[in-house]
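*Asks:* Got a file for you: start07.cif, mmCIF, C-alpha atoms.
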```cif
data_query
loop_
_atom_site.label_atom_id
_atom_site.label_comp_id
_atom_site.auth_asym_id
_atom_site.auth_seq_id
_atom_site.Cartn_x
_atom_site.Cartn_y
_atom_site.Cartn_z
CA MET U 7 38.87 38.17 -32.71
CA LYS U 8 40.06 37.45 -29.18
CA LYS U 9 38.99 34.12 -27.74
CA LEU U 10 36.99 34.28 -24.50
CA ASP U 11 38.84 32.95 -21.46
CA TRP U 12 36.40 30.83 -19.45
CA ASN U 13 37.29 30.63 -15.77
CA THR U 14 36.16 27.32 -14.31
CA ARG U 15 35.91 28.68 -10.78
CA TYR U 16 33.70 31.62 -11.78
CA ASN U 17 31.59 29.39 -14.02
CA THR U 18 30.92 27.08 -11.07
CA ILE U 19 29.99 30.03 -8.85
CA ALA U 20 27.67 31.36 -11.54
CA VAL U 21 25.91 28.02 -11.96
CA TYR U 22 25.41 27.61 -8.20
CA SER U 23 24.15 31.21 -7.93
CA PHE U 24 21.66 30.57 -10.72
CA LEU U 25 20.41 27.36 -9.06
CA VAL U 26 20.03 29.07 -5.67
CA ALA U 27 18.13 31.98 -7.25
CA ALA U 28 15.87 29.56 -9.13
CA ALA U 29 15.20 27.58 -5.94
CA VAL U 30 14.33 30.82 -4.07
CA LEU U 31 11.92 31.86 -6.84
CA VAL U 32 10.25 28.43 -6.86
CA PHE U 33 9.91 28.44 -3.07
CA ALA U 34 8.49 32.00 -3.10
CA ALA U 35 5.98 31.05 -5.79
CA PHE U 36 5.00 27.98 -3.78
CA VAL U 37 4.47 29.99 -0.58
CA PHE U 38 2.78 33.12 -1.93
CA LYS U 39 0.92 31.55 -4.84
CA PHE U 40 0.07 28.21 -3.20
CA PRO U 41 -3.46 27.81 -4.72
CA VAL U 42 -2.12 28.51 -8.20
CA VAL U 43 0.86 26.18 -7.75
CA TRP U 44 -1.33 23.45 -6.26
CA GLN U 45 -3.78 23.74 -9.15
CA PHE U 46 -0.88 23.46 -11.59
CA VAL U 47 0.39 20.34 -9.77
CA LYS U 48 -3.09 18.77 -9.86
CA THR U 49 -3.45 19.54 -13.57
CA LEU U 50 -0.01 18.10 -14.26
CA GLY U 51 -0.89 15.01 -12.22
CA THR U 52 -4.07 14.55 -14.27
CA TYR U 53 -2.09 14.55 -17.51
CA LEU U 54 0.57 12.23 -16.10
CA LYS U 55 -1.90 9.77 -14.54
CA PRO U 56 -1.56 7.20 -17.38
CA PHE U 57 2.22 7.20 -16.86
CA VAL U 58 1.74 6.66 -13.11
CA TYR U 59 -0.60 3.73 -13.83
CA GLY U 60 1.81 2.38 -16.41
CA PHE U 61 4.74 2.52 -14.02
CA CYS U 62 2.72 0.78 -11.27
CA PHE U 63 1.56 -1.99 -13.63
CA ALA U 64 5.09 -2.49 -14.98
CA TYR U 65 6.58 -2.50 -11.48
CA LEU U 66 4.13 -5.08 -10.15
CA LEU U 67 4.28 -7.31 -13.23
CA SER U 68 8.05 -7.18 -13.68
CA PRO U 69 8.75 -10.20 -11.36
CA LEU U 70 6.13 -12.26 -13.22
CA VAL U 71 7.62 -11.28 -16.59
CA LYS U 72 11.08 -12.23 -15.32
CA PHE U 73 9.73 -15.59 -14.13
CA TYR U 74 8.20 -16.43 -17.54
CA GLU U 75 11.22 -15.13 -19.43
CA LYS U 76 13.51 -17.49 -17.55
CA TYR U 77 11.72 -20.45 -19.16
CA VAL U 78 10.66 -18.93 -22.50
CA SER U 79 14.23 -17.82 -23.30
CA ARG U 80 15.33 -21.47 -23.24
CA THR U 81 13.31 -22.11 -26.40
CA PRO U 82 15.79 -21.93 -29.31
CA ARG U 83 13.38 -20.47 -31.87
CA PHE U 84 12.69 -17.37 -29.74
CA SER U 85 15.09 -14.44 -29.91
CA ARG U 86 15.68 -12.30 -26.84
CA LYS U 87 13.19 -9.69 -28.06
CA ALA U 88 10.59 -12.35 -28.88
CA SER U 89 11.10 -14.01 -25.48
CA ARG U 90 10.39 -10.70 -23.76
CA GLY U 91 7.22 -10.16 -25.81
CA VAL U 92 5.90 -13.65 -25.12
CA SER U 93 6.69 -13.30 -21.40
CA ILE U 94 4.84 -9.97 -21.18
CA ALA U 95 1.82 -11.48 -22.96
CA LEU U 96 1.81 -14.49 -20.61
CA ALA U 97 2.07 -12.21 -17.55
CA TYR U 98 -0.91 -10.12 -18.63
CA LEU U 99 -2.93 -13.18 -19.61
CA SER U 100 -2.23 -14.75 -16.20
CA VAL U 101 -3.37 -11.63 -14.34
CA ALA U 102 -6.45 -11.25 -16.57
CA GLY U 103 -7.37 -14.91 -16.10
CA LEU U 104 -6.99 -14.80 -12.33
CA THR U 105 -8.98 -11.56 -12.15
CA ALA U 106 -11.80 -12.99 -14.28
CA LEU U 107 -11.89 -16.18 -12.21
CA PHE U 108 -11.97 -14.17 -8.99
CA LEU U 109 -14.82 -11.99 -10.27
CA LEU U 110 -16.82 -14.97 -11.52
CA VAL U 111 -16.52 -16.70 -8.15
CA VAL U 112 -16.82 -13.75 -5.77
CA ILE U 113 -19.13 -11.20 -7.43
CA PRO U 114 -22.30 -13.37 -7.49
CA SER U 115 -21.84 -14.34 -3.83
CA LEU U 116 -21.05 -10.74 -2.94
CA VAL U 117 -24.19 -9.45 -4.67
CA GLU U 118 -26.28 -12.13 -2.96
CA SER U 119 -24.87 -11.19 0.47
CA VAL U 120 -25.58 -7.48 0.02
CA SER U 121 -29.07 -8.23 -1.38
CA GLN U 122 -29.82 -10.44 1.61
CA ILE U 123 -28.82 -7.67 4.01
CA VAL U 124 -31.03 -5.15 2.20
CA ARG U 125 -34.00 -7.57 2.06
CA ASN U 126 -33.82 -8.54 5.74
CA ILE U 127 -32.91 -5.18 7.27
CA SER U 128 -36.34 -4.90 8.97
CA TYR U 129 -35.99 -8.45 10.37
CA TYR U 130 -32.54 -7.65 11.76
CA SER U 131 -33.95 -4.52 13.40
CA GLU U 132 -36.71 -6.57 15.06
CA GLN U 133 -34.18 -9.10 16.34
CA VAL U 134 -32.08 -6.34 17.86
CA ASN U 135 -35.15 -4.88 19.58
CA LEU U 136 -36.05 -8.32 21.00
CA LEU U 137 -32.51 -8.71 22.27
CA LEU U 138 -32.72 -5.30 23.92
CA ASP U 139 -35.98 -6.24 25.63
CA GLU U 140 -34.42 -9.44 27.00
CA LEU U 141 -31.37 -7.55 28.30
CA VAL U 142 -33.56 -4.94 29.97
CA GLN U 143 -35.47 -7.67 31.80
CA VAL U 144 -32.29 -9.39 32.97
CA ILE U 145 -30.53 -6.23 34.22
CA PRO U 146 -32.16 -4.94 37.45
CA SER U 147 -30.87 -1.37 37.37
CA GLU U 148 -33.08 0.89 35.26
CA SER U 149 -30.32 3.43 34.61
CA ILE U 150 -27.90 0.73 33.41
CA SER U 151 -30.63 -0.78 31.23
CA GLN U 152 -31.38 2.58 29.67
CA GLN U 153 -27.72 3.29 29.02
CA LEU U 154 -27.26 -0.16 27.50
CA THR U 155 -30.32 0.30 25.29
CA GLU U 156 -29.08 3.68 24.09
CA SER U 157 -25.57 2.29 23.45
CA ILE U 158 -26.81 -0.67 21.41
CA SER U 159 -29.26 1.52 19.49
CA SER U 160 -26.43 3.91 18.73
CA LEU U 161 -24.29 0.96 17.59
CA VAL U 162 -27.07 -0.26 15.29
CA ASP U 163 -27.52 3.24 13.86
CA SER U 164 -23.77 3.53 13.33
CA PHE U 165 -23.72 0.19 11.58
CA GLY U 166 -26.55 1.37 9.31
CA VAL U 167 -24.54 4.47 8.50
CA PHE U 168 -21.51 2.23 7.87
CA LEU U 169 -23.47 0.10 5.40
CA ALA U 170 -24.83 3.16 3.63
CA GLY U 171 -21.34 4.63 3.46
CA ALA U 172 -19.96 1.35 2.16
CA VAL U 173 -22.55 1.27 -0.62
CA LEU U 174 -21.73 4.88 -1.52
CA GLN U 175 -18.03 4.02 -1.54
CA ILE U 176 -18.67 1.10 -3.90
CA VAL U 177 -20.70 3.37 -6.20
CA SER U 178 -17.96 6.02 -6.00
CA ILE U 179 -15.22 3.49 -6.81
CA THR U 180 -17.29 2.10 -9.69
CA THR U 181 -17.79 5.63 -11.06
CA TRP U 182 -14.07 6.37 -10.66
CA VAL U 183 -13.10 3.16 -12.46
CA THR U 184 -15.61 3.84 -15.24
CA SER U 185 -14.43 7.42 -15.72
CA GLY U 186 -10.79 6.34 -15.57
CA VAL U 187 -11.06 3.48 -18.07
CA LEU U 188 -9.18 5.47 -20.71
CA ASP U 189 -6.38 6.26 -18.25
CA LEU U 190 -6.20 2.58 -17.25
CA VAL U 191 -6.05 1.45 -20.88
CA MET U 192 -3.34 4.01 -21.63
CA GLY U 193 -1.52 2.88 -18.47
CA ILE U 194 -1.57 -0.74 -19.69
CA ILE U 195 -0.20 0.32 -23.09
CA ILE U 196 2.54 2.41 -21.46
CA SER U 197 3.42 -0.48 -19.13
CA LEU U 198 3.92 -2.71 -22.19
CA TYR U 199 6.53 -0.30 -23.53
CA MET U 200 8.16 0.00 -20.10
CA LEU U 201 8.39 -3.77 -19.66
CA ALA U 202 9.65 -4.30 -23.21
CA SER U 203 12.46 -1.75 -22.89
CA LYS U 204 13.12 -1.63 -19.14
CA GLU U 205 16.87 -2.26 -19.57
CA THR U 206 17.12 0.69 -21.96
CA LEU U 207 15.16 2.97 -19.62
CA ILE U 208 17.32 2.01 -16.64
CA ALA U 209 20.47 2.51 -18.73
CA GLN U 210 19.28 6.00 -19.71
CA VAL U 211 18.76 6.90 -16.04
CA LYS U 212 22.25 5.64 -15.21
CA GLN U 213 23.70 7.61 -18.11
CA ILE U 214 22.14 10.84 -16.82
CA LEU U 215 23.31 10.17 -13.27
CA TYR U 216 26.91 9.46 -14.35
CA ALA U 217 26.87 12.65 -16.43
CA LEU U 218 25.69 14.84 -13.53
CA LEU U 219 27.21 13.23 -10.42
CA PRO U 220 30.56 11.75 -9.34
CA ALA U 221 30.92 8.04 -10.13
CA ARG U 222 31.22 7.08 -6.44
CA ASN U 223 27.93 8.80 -5.62
CA VAL U 224 26.20 7.11 -8.55
CA ARG U 225 27.37 3.68 -7.40
CA ASP U 226 26.05 4.42 -3.91
CA LEU U 227 22.70 5.54 -5.39
CA ILE U 228 22.43 2.38 -7.49
CA ALA U 229 23.16 0.15 -4.49
CA LEU U 230 20.60 2.08 -2.46
CA ALA U 231 18.04 1.78 -5.27
CA HIS U 232 18.51 -2.02 -5.37
CA ASP U 233 18.04 -2.26 -1.60
CA SER U 234 14.98 0.02 -1.67
CA ASN U 235 13.44 -1.94 -4.55
CA ALA U 236 13.95 -5.21 -2.67
CA LYS U 237 12.23 -3.80 0.42
CA PHE U 238 9.35 -2.12 -1.41
CA SER U 239 8.53 -4.81 -3.98
CA GLY U 240 9.09 -7.62 -1.48
CA PHE U 241 6.68 -6.07 0.98
CA ILE U 242 3.92 -5.10 -1.49
CA LEU U 243 3.91 -8.38 -3.45
CA GLY U 244 4.34 -10.47 -0.31
CA LYS U 245 1.48 -8.68 1.43
CA ILE U 246 -0.83 -9.21 -1.55
CA VAL U 247 -0.08 -12.95 -1.58
CA ASP U 248 -0.43 -13.15 2.21
CA SER U 249 -3.78 -11.34 2.20
CA PHE U 250 -5.11 -13.51 -0.64
CA ILE U 251 -4.28 -16.66 1.33
CA ILE U 252 -5.88 -15.24 4.50
CA GLY U 253 -9.05 -14.33 2.58
CA CYS U 254 -9.27 -17.87 1.15
CA LEU U 255 -8.67 -19.46 4.59
CA CYS U 256 -11.36 -17.19 6.07
CA ALA U 257 -13.84 -18.31 3.39
CA LEU U 258 -12.92 -21.96 3.97
CA GLY U 259 -13.36 -21.67 7.75
CA MET U 260 -16.69 -19.84 7.45
CA THR U 261 -17.93 -22.50 5.02
CA ILE U 262 -16.97 -25.31 7.42
CA PHE U 263 -18.74 -23.59 10.36
CA ARG U 264 -21.71 -22.55 8.14
CA MET U 265 -21.52 -18.86 8.85
CA PRO U 266 -23.48 -16.25 6.87
CA PHE U 267 -22.18 -13.69 4.32
CA ILE U 268 -19.08 -15.75 3.49
CA ALA U 269 -18.06 -13.82 0.36
CA LEU U 270 -18.60 -10.35 1.82
CA VAL U 271 -16.84 -11.06 5.13
CA SER U 272 -13.93 -12.96 3.55
CA LEU U 273 -13.38 -10.23 0.98
CA THR U 274 -13.39 -7.61 3.75
CA VAL U 275 -10.91 -9.61 5.84
CA GLY U 276 -8.63 -10.24 2.85
CA VAL U 277 -8.59 -6.65 1.59
CA THR U 278 -8.06 -5.04 4.99
CA ASN U 279 -5.31 -7.54 5.79
CA VAL U 280 -3.16 -5.70 3.22
CA ILE U 281 -2.93 -2.87 5.78
CA PRO U 282 -0.05 -3.68 8.16
CA TYR U 283 -0.65 -3.94 11.91
CA PHE U 284 -4.20 -2.44 11.99
CA GLY U 285 -5.60 -4.44 9.05
CA PRO U 286 -6.76 -7.51 11.01
CA PHE U 287 -8.65 -5.33 13.52
CA ILE U 288 -10.21 -3.17 10.79
CA GLY U 289 -11.45 -6.27 8.96
CA ALA U 290 -12.62 -8.19 12.04
CA ILE U 291 -15.02 -5.54 13.41
CA PRO U 292 -17.41 -5.30 10.40
CA GLY U 293 -17.08 -9.08 9.96
CA ILE U 294 -18.27 -9.73 13.52
CA LEU U 295 -21.19 -7.33 13.06
CA LEU U 296 -22.23 -8.97 9.78
CA VAL U 297 -22.09 -12.47 11.27
CA PHE U 298 -24.01 -11.19 14.31
CA ILE U 299 -26.93 -9.81 12.28
CA GLY U 300 -26.96 -12.86 9.99
CA GLY U 301 -26.38 -15.69 12.46
CA GLY U 302 -26.88 -14.37 15.98
CA PRO U 303 -24.58 -13.69 18.94
CA TRP U 304 -23.16 -17.22 19.27
CA GLN U 305 -22.02 -17.36 15.66
CA ALA U 306 -20.57 -13.86 16.03
CA LEU U 307 -18.62 -15.04 19.08
CA GLY U 308 -17.44 -18.10 17.16
CA PHE U 309 -16.34 -15.91 14.25
CA ALA U 310 -14.44 -13.63 16.63
CA VAL U 311 -12.54 -16.62 18.06
CA PHE U 312 -11.93 -18.01 14.56
CA ILE U 313 -10.60 -14.71 13.20
CA LEU U 314 -8.37 -14.31 16.27
CA VAL U 315 -6.82 -17.75 15.63
CA LEU U 316 -6.49 -16.95 11.90
CA GLN U 317 -4.72 -13.66 12.53
CA GLN U 318 -2.39 -15.29 15.06
CA PHE U 319 -1.51 -17.85 12.39
CA ASP U 320 -0.91 -15.03 9.91
CA GLY U 321 1.14 -12.91 12.29
CA ASN U 322 3.34 -15.68 13.67
CA ILE U 323 3.64 -18.24 10.84
CA LEU U 324 2.31 -17.24 7.41
CA GLY U 325 3.31 -13.56 7.41
CA PRO U 326 6.94 -14.07 8.50
CA ALA U 327 7.30 -17.00 6.08
CA ILE U 328 6.19 -14.84 3.11
CA LEU U 329 7.45 -11.39 4.09
CA GLY U 330 10.44 -12.21 6.32
CA GLN U 331 12.17 -9.06 7.60
CA SER U 332 11.29 -7.11 4.47
CA THR U 333 11.12 -3.67 6.09
CA GLY U 334 13.28 -3.82 9.21
CA LEU U 335 11.08 -1.22 10.96
CA ASP U 336 10.15 -1.39 14.63
CA ALA U 337 6.47 -1.64 15.57
CA MET U 338 6.37 2.02 16.66
CA TRP U 339 7.52 3.21 13.22
CA VAL U 340 5.05 0.86 11.51
CA ILE U 341 2.21 2.50 13.45
CA PHE U 342 3.66 5.95 12.68
CA ALA U 343 3.77 5.18 8.94
CA ILE U 344 0.20 3.85 8.88
CA LEU U 345 -1.25 6.81 10.78
CA LEU U 346 0.71 9.44 8.82
CA PHE U 347 0.35 8.11 5.27
CA GLY U 348 -3.15 6.76 5.95
CA GLY U 349 -4.25 10.21 7.10
CA LEU U 350 -2.72 11.80 4.00
CA TYR U 351 -3.64 9.28 1.29
CA GLY U 352 -6.29 6.99 2.78
CA PHE U 353 -6.24 3.24 2.10
CA VAL U 354 -3.44 3.46 -0.47
CA GLY U 355 -1.34 5.41 2.04
CA MET U 356 -1.85 2.72 4.67
CA VAL U 357 -0.63 0.05 2.24
CA ILE U 358 2.45 1.81 0.84
CA GLY U 359 3.29 3.83 3.97
CA VAL U 360 5.33 1.12 5.71
CA PRO U 361 7.62 0.15 2.79
CA LEU U 362 7.95 3.82 1.81
CA LEU U 363 9.04 4.76 5.32
CA ALA U 364 11.46 1.80 5.27
CA VAL U 365 13.05 3.21 2.11
CA LEU U 366 13.25 6.72 3.61
CA ALA U 367 14.72 5.25 6.80
CA GLY U 368 17.34 3.48 4.71
CA LEU U 369 18.27 6.78 3.02
CA PHE U 370 18.47 8.58 6.36
CA LYS U 371 20.49 5.78 7.95
CA ALA U 372 22.99 5.84 5.06
CA PHE U 373 23.32 9.63 5.40
CA ILE U 374 23.87 9.44 9.18
CA SER U 375 26.37 6.59 8.84
CA GLY U 376 28.36 8.58 6.29
CA ARG U 377 28.44 11.65 8.52
CA LEU U 378 29.60 9.58 11.51
CA ARG U 379 32.39 7.92 9.50
CA LYS U 380 33.64 11.33 8.36
CA LYS U 381 33.94 12.31 12.03
CA ASP U 382 35.66 9.00 12.89
CA LEU U 383 32.77 8.02 15.16
CA PRO U 384 31.32 4.50 15.52
CA VAL U 385 28.25 3.69 13.44
CA GLU U 386 26.80 0.85 15.56
CA ILE U 387 23.81 1.87 17.67
CA GLN U 388 25.04 -0.25 20.59
CA HIS U 389 27.90 2.18 21.14
CA TYR U 390 25.46 4.97 22.02
CA THR U 391 23.62 2.92 24.63
CA SER U 392 26.76 2.36 26.71
CA GLU U 393 27.59 4.01 30.02
CA GLU U 394 29.78 6.54 28.22
CA HIS U 395 26.77 8.04 26.42
CA ARG U 396 24.04 8.39 29.00
CA LEU U 397 21.00 10.30 27.77
CA LEU U 398 20.26 11.76 31.19
#
```
What is this file in structure tokens?
*Replies:*
Amino acid sequence: MKKLDWNTRYNTIAVYSFLVAAAVLVFAAFVFKFPVVWQFVKTLGTYLKPFVYGFCFAYLLSPLVKFYEKYVSRTPRFSRKASRGVSIALAYLSVAGLTALFLLVVIPSLVESVSQIVRNISYYSEQVNLLLDELVQVIPSESISQQLTESISSLVDSFGVFLAGAVLQIVSITTWVTSGVLDLVMGIIISLYMLASKETLIAQVKQILYALLPARNVRDLIALAHDSNAKFSGFILGKIVDSFIIGCLCALGMTIFRMPFIALVSLTVGVTNVIPYFGPFIGAIPGILLVFIGGGPWQALGFAVFILVLQQFDGNILGPAILGQSTGLDAMWVIFAILLFGGLYGFVGMVIGVPLLAVLAGLFKAFISGRLRKKDLPVEIQHYTSEEHRLL
């Protein structure tokens, strides 16, 4: 029997032709059968949700596990495998303990604040009406007084809608957490396996990359992955620590100045501070309104000044000390990332949008630099702002 003569050139052409045809078919199915494809993606995402949770838990806890392992591994009676297991257990116990402590301290105060608002809503409405009457008497122009009354009434109504929406959001989040308990538990279990065997998983990914791509490209991808991981994890973890400190400082300041709704306002300021750039403004507005209805206009003004000083401290001292230059993005691109990813994915998009765009910008910058070097052109941006390269 005659042996088949495989031609490497024609085999390569055949493989590329097959891949192009498959890509065309996938694109056509995506365009012409979009509802079906989207439903398939959603169904697939539902099944893979525990793995997504597991990866997120493992990613966030990996620095803590590494920290514990550095000290546990020094104990002679622990093997490397045992040191990893003990470190994972300590990391999860630390997070569980901090979460329980936070809930025990914050939840009762939070419930009391919300209950107080609900109980005194009629009193707050009367106080607003009295304030409107006083303003109408002070302002001589009837048209201005009427417009002011309508504006403040509209603001009060909007704030009532905001509170109702906030309660519905809390109920919705509670329902989502309750319905997703099984996924969360499975995610925790999967994260345990990921943390226990992360070196093996990373080695398997490297093995696949080296098998499919040239070695030089794989080394570039690994270097890029390390840089992207440093930017993403540094930003997310740093922002969480920064926001926790700001929330605690807000609670401390409000306690010193005896302001109302300390737990609710401080929690709002701390959580919204996770959002880059816009977070302080998003958290300050409902905080000022809450202090206003609970303590009057002078306390609201004092809170506004206090939160302004606090955010200046965060933006100029605390934030740079914790985060450093973790993203390297200009302010314009930070705003672009928040608006784009926030519009697409809500609060989560606002949080991860900036580091994600920083990673994508790093990929794009590496691609552009490589193309410029191939053309023997300078890579530095300063070269293209010289007189030789005028835009207009």
*Asks:* Applying 6 Å and only C-alpha atoms, which residues near range 357-372 of chain U remain after dropping the ones on its own chain fewer than 4 positions away? List them as a short mmCIF file (atom, residue, chain, number, x, y, z; two decimals) with C-alpha atoms, in the coordinates of the input.
*Replies:*
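The result, stored in selection12.cif:
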```cif
data_model
loop_
_atom_site.label_atom_id
_atom_site.label_comp_id
_atom_site.auth_asym_id
_atom_site.auth_seq_id
_atom_site.Cartn_x
_atom_site.Cartn_y
_atom_site.Cartn_z
CA SER U 234 14.98 0.02 -1.67
CA PHE U 238 9.35 -2.12 -1.41
CA ILE U 281 -2.93 -2.87 5.78
CA THR U 333 11.12 -3.67 6.09
CA VAL U 340 5.05 0.86 11.51
CA ALA U 343 3.77 5.18 8.94
CA ILE U 344 0.20 3.85 8.88
CA PHE U 347 0.35 8.11 5.27
#
```
*Asks:* Calculate how many Å separate CA of Met338 in chain U from CA of Gly285 in chain U, rounding to one decimal.
*Replies:*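 That distance, rounded to one decimal, is 15.6 Å.
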*Asks:* Write out as an NGL selection string each polymer residue whose atoms come within 10 Å of range 191-196 of chain U, counting only C-alpha atoms; drop sequence neighbours fewer than 5 positions from it.
*Replies:* :U and (54-64 or 98 or 186 or 201-202)
*Asks:* Assuming the chain letters and numbering stay as they are in my file, what does the PyMOL selection byres ((chain U and resi 320) around 12) actually select? List them as a PyMOL selection string.
*Replies:* chain U and resi 245+247-253+255-256+276+279-280+282-283+285-286+313-319+321-329
*Asks:* Taking C-alpha atoms for each residue, export the selection above as a JSON list (two decimals), in the coordinates of the input.
*Replies:*
```json
[["chain", "number", "residue", "atom", "x", "y", "z"],
["U", 245, "LYS", "CA", 1.48, -8.68, 1.43],
["U", 247, "VAL", "CA", -0.08, -12.95, -1.58],
["U", 248, "ASP", "CA", -0.43, -13.15, 2.21],
["U", 249, "SER", "CA", -3.78, -11.34, 2.20],
["U", 250, "PHE", "CA", -5.11, -13.51, -0.64],
["U", 251, "ILE", "CA", -4.28, -16.66, 1.33],
["U", 252, "ILE", "CA", -5.88, -15.24, 4.50],
["U", 253, "GLY", "CA", -9.05, -14.33, 2.58],
["U", 255, "LEU", "CA", -8.67, -19.46, 4.59],
["U", 256, "CYS", "CA", -11.36, -17.19, 6.07],
["U", 276, "GLY", "CA", -8.63, -10.24, 2.85],
["U", 279, "ASN", "CA", -5.31, -7.54, 5.79],
["U", 280, "VAL", "CA", -3.16, -5.70, 3.22],
["U", 282, "PRO", "CA", -0.05, -3.68, 8.16],
["U", 283, "TYR", "CA", -0.65, -3.94, 11.91],
["U", 285, "GLY", "CA", -5.60, -4.44, 9.05],
["U", 286, "PRO", "CA", -6.76, -7.51, 11.01],
["U", 313, "ILE", "CA", -10.60, -14.71, 13.20],
["U", 314, "LEU", "CA", -8.37, -14.31, 16.27],
["U", 315, "VAL", "CA", -6.82, -17.75, 15.63],
["U", 316, "LEU", "CA", -6.49, -16.95, 11.90],
["U", 317, "GLN", "CA", -4.72, -13.66, 12.53],
["U", 318, "GLN", "CA", -2.39, -15.29, 15.06],
["U", 319, "PHE", "CA", -1.51, -17.85, 12.39],
["U", 321, "GLY", "CA", 1.14, -12.91, 12.29],
["U", 322, "ASN", "CA", 3.34, -15.68, 13.67],
["U", 323, "ILE", "CA", 3.64, -18.24, 10.84],
["U", 324, "LEU", "CA", 2.31, -17.24, 7.41],
["U", 325, "GLY", "CA", 3.31, -13.56, 7.41],
["U", 326, "PRO", "CA", 6.94, -14.07, 8.50],
["U", 327, "ALA", "CA", 7.30, -17.00, 6.08],
["U", 328, "ILE", "CA", 6.19, -14.84, 3.11],
["U", 329, "LEU", "CA", 7.45, -11.39, 4.09]]
```
*Asks:* Mind pulling up the distance from CA of Glu386 in chain U to CA of Ile374 in chain U?
*Replies:*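 Atom-to-atom, CA of Ile374 in chain U to CA of Glu386 in chain U, that is 11.1 Å.
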*Asks:* With all atoms listed in the file as the atoms that count, which of U:Ala290, U:Asp226, U:Pro266, U:Val71 lies nearest to Gly302 in chain U?
*Replies:*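 So, comparing all the options, the nearest one is U:Pro266.
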*Asks:* Select, from U:Ser23, U:Gln122, U:Gln305, U:Ser203, the residue with the minimum atom-to-atom distance to Phe263 in chain U, counting all atoms listed in the file.
*Replies:* U:Gln305
*Asks:* Calculate how many Å separate CA of Val211 in chain U from CA of Leu190 in chain U, rounding to one decimal.
*Replies:*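 Here the two named atoms are 25.4 Å from each other.
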*Asks:* Please determine, counting all atoms listed in the file, which residue among U:Leu243, U:Val26, U:Leu219, U:Glu75 has the shortest atom-to-atom distance to Ala88 in chain U.
*Replies:*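 Of U:Leu243, U:Val26, U:Leu219, U:Glu75, the one nearest Ala88 in chain U is U:Glu75, counting all atoms listed in the file.
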*Asks:* Generate N, CA, C and O atoms for range 218-228 of chain U and emit them as a PDB file, keeping the file's coordinate frame.
*Replies:*
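Done, and the output landed in selection.pdb:
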```pdb
ATOM      1  N   LEU U 218      25.908  13.706 -14.440  1.00  0.00           N
ATOM      2  CA  LEU U 218      25.690  14.840 -13.530  1.00  0.00           C
ATOM      3  C   LEU U 218      26.400  14.693 -12.192  1.00  0.00           C
ATOM      4  O   LEU U 218      26.674  15.706 -11.535  1.00  0.00           O
ATOM      5  N   LEU U 219      26.681  13.455 -11.764  1.00  0.00           N
ATOM      6  CA  LEU U 219      27.210  13.230 -10.420  1.00  0.00           C
ATOM      7  C   LEU U 219      28.540  12.486 -10.485  1.00  0.00           C
ATOM      8  O   LEU U 219      28.837  11.828 -11.490  1.00  0.00           O
ATOM      9  N   PRO U 220      29.330  12.552  -9.409  1.00  0.00           N
ATOM     10  CA  PRO U 220      30.560  11.750  -9.340  1.00  0.00           C
ATOM     11  C   PRO U 220      30.242  10.261  -9.376  1.00  0.00           C
ATOM     12  O   PRO U 220      29.191   9.818  -8.888  1.00  0.00           O
ATOM     13  N   ALA U 221      31.151   9.475  -9.953  1.00  0.00           N
ATOM     14  CA  ALA U 221      30.920   8.040 -10.130  1.00  0.00           C
ATOM     15  C   ALA U 221      30.668   7.333  -8.802  1.00  0.00           C
ATOM     16  O   ALA U 221      29.826   6.431  -8.710  1.00  0.00           O
ATOM     17  N   ARG U 222      31.399   7.729  -7.747  1.00  0.00           N
ATOM     18  CA  ARG U 222      31.220   7.080  -6.440  1.00  0.00           C
ATOM     19  C   ARG U 222      29.809   7.296  -5.915  1.00  0.00           C
ATOM     20  O   ARG U 222      29.188   6.366  -5.384  1.00  0.00           O
ATOM     21  N   ASN U 223      29.287   8.518  -6.079  1.00  0.00           N
ATOM     22  CA  ASN U 223      27.930   8.800  -5.620  1.00  0.00           C
ATOM     23  C   ASN U 223      26.890   8.018  -6.424  1.00  0.00           C
ATOM     24  O   ASN U 223      25.881   7.557  -5.879  1.00  0.00           O
ATOM     25  N   VAL U 224      27.138   7.864  -7.715  1.00  0.00           N
ATOM     26  CA  VAL U 224      26.200   7.110  -8.550  1.00  0.00           C
ATOM     27  C   VAL U 224      26.168   5.654  -8.124  1.00  0.00           C
ATOM     28  O   VAL U 224      25.106   5.035  -8.040  1.00  0.00           O
ATOM     29  N   ARG U 225      27.332   5.068  -7.849  1.00  0.00           N
ATOM     30  CA  ARG U 225      27.370   3.680  -7.400  1.00  0.00           C
ATOM     31  C   ARG U 225      26.630   3.501  -6.073  1.00  0.00           C
ATOM     32  O   ARG U 225      25.933   2.502  -5.870  1.00  0.00           O
ATOM     33  N   ASP U 226      26.789   4.476  -5.180  1.00  0.00           N
ATOM     34  CA  ASP U 226      26.050   4.420  -3.910  1.00  0.00           C
ATOM     35  C   ASP U 226      24.541   4.511  -4.149  1.00  0.00           C
ATOM     36  O   ASP U 226      23.754   3.797  -3.506  1.00  0.00           O
ATOM     37  N   LEU U 227      24.126   5.386  -5.073  1.00  0.00           N
ATOM     38  CA  LEU U 227      22.700   5.540  -5.390  1.00  0.00           C
ATOM     39  C   LEU U 227      22.132   4.257  -5.990  1.00  0.00           C
ATOM     40  O   LEU U 227      21.013   3.845  -5.660  1.00  0.00           O
ATOM     41  N   ILE U 228      22.900   3.615  -6.868  1.00  0.00           N
ATOM     42  CA  ILE U 228      22.430   2.380  -7.490  1.00  0.00           C
ATOM     43  C   ILE U 228      22.276   1.271  -6.454  1.00  0.00           C
ATOM     44  O   ILE U 228      21.288   0.526  -6.444  1.00  0.00           O
TER      45      ILE U 228
END
```
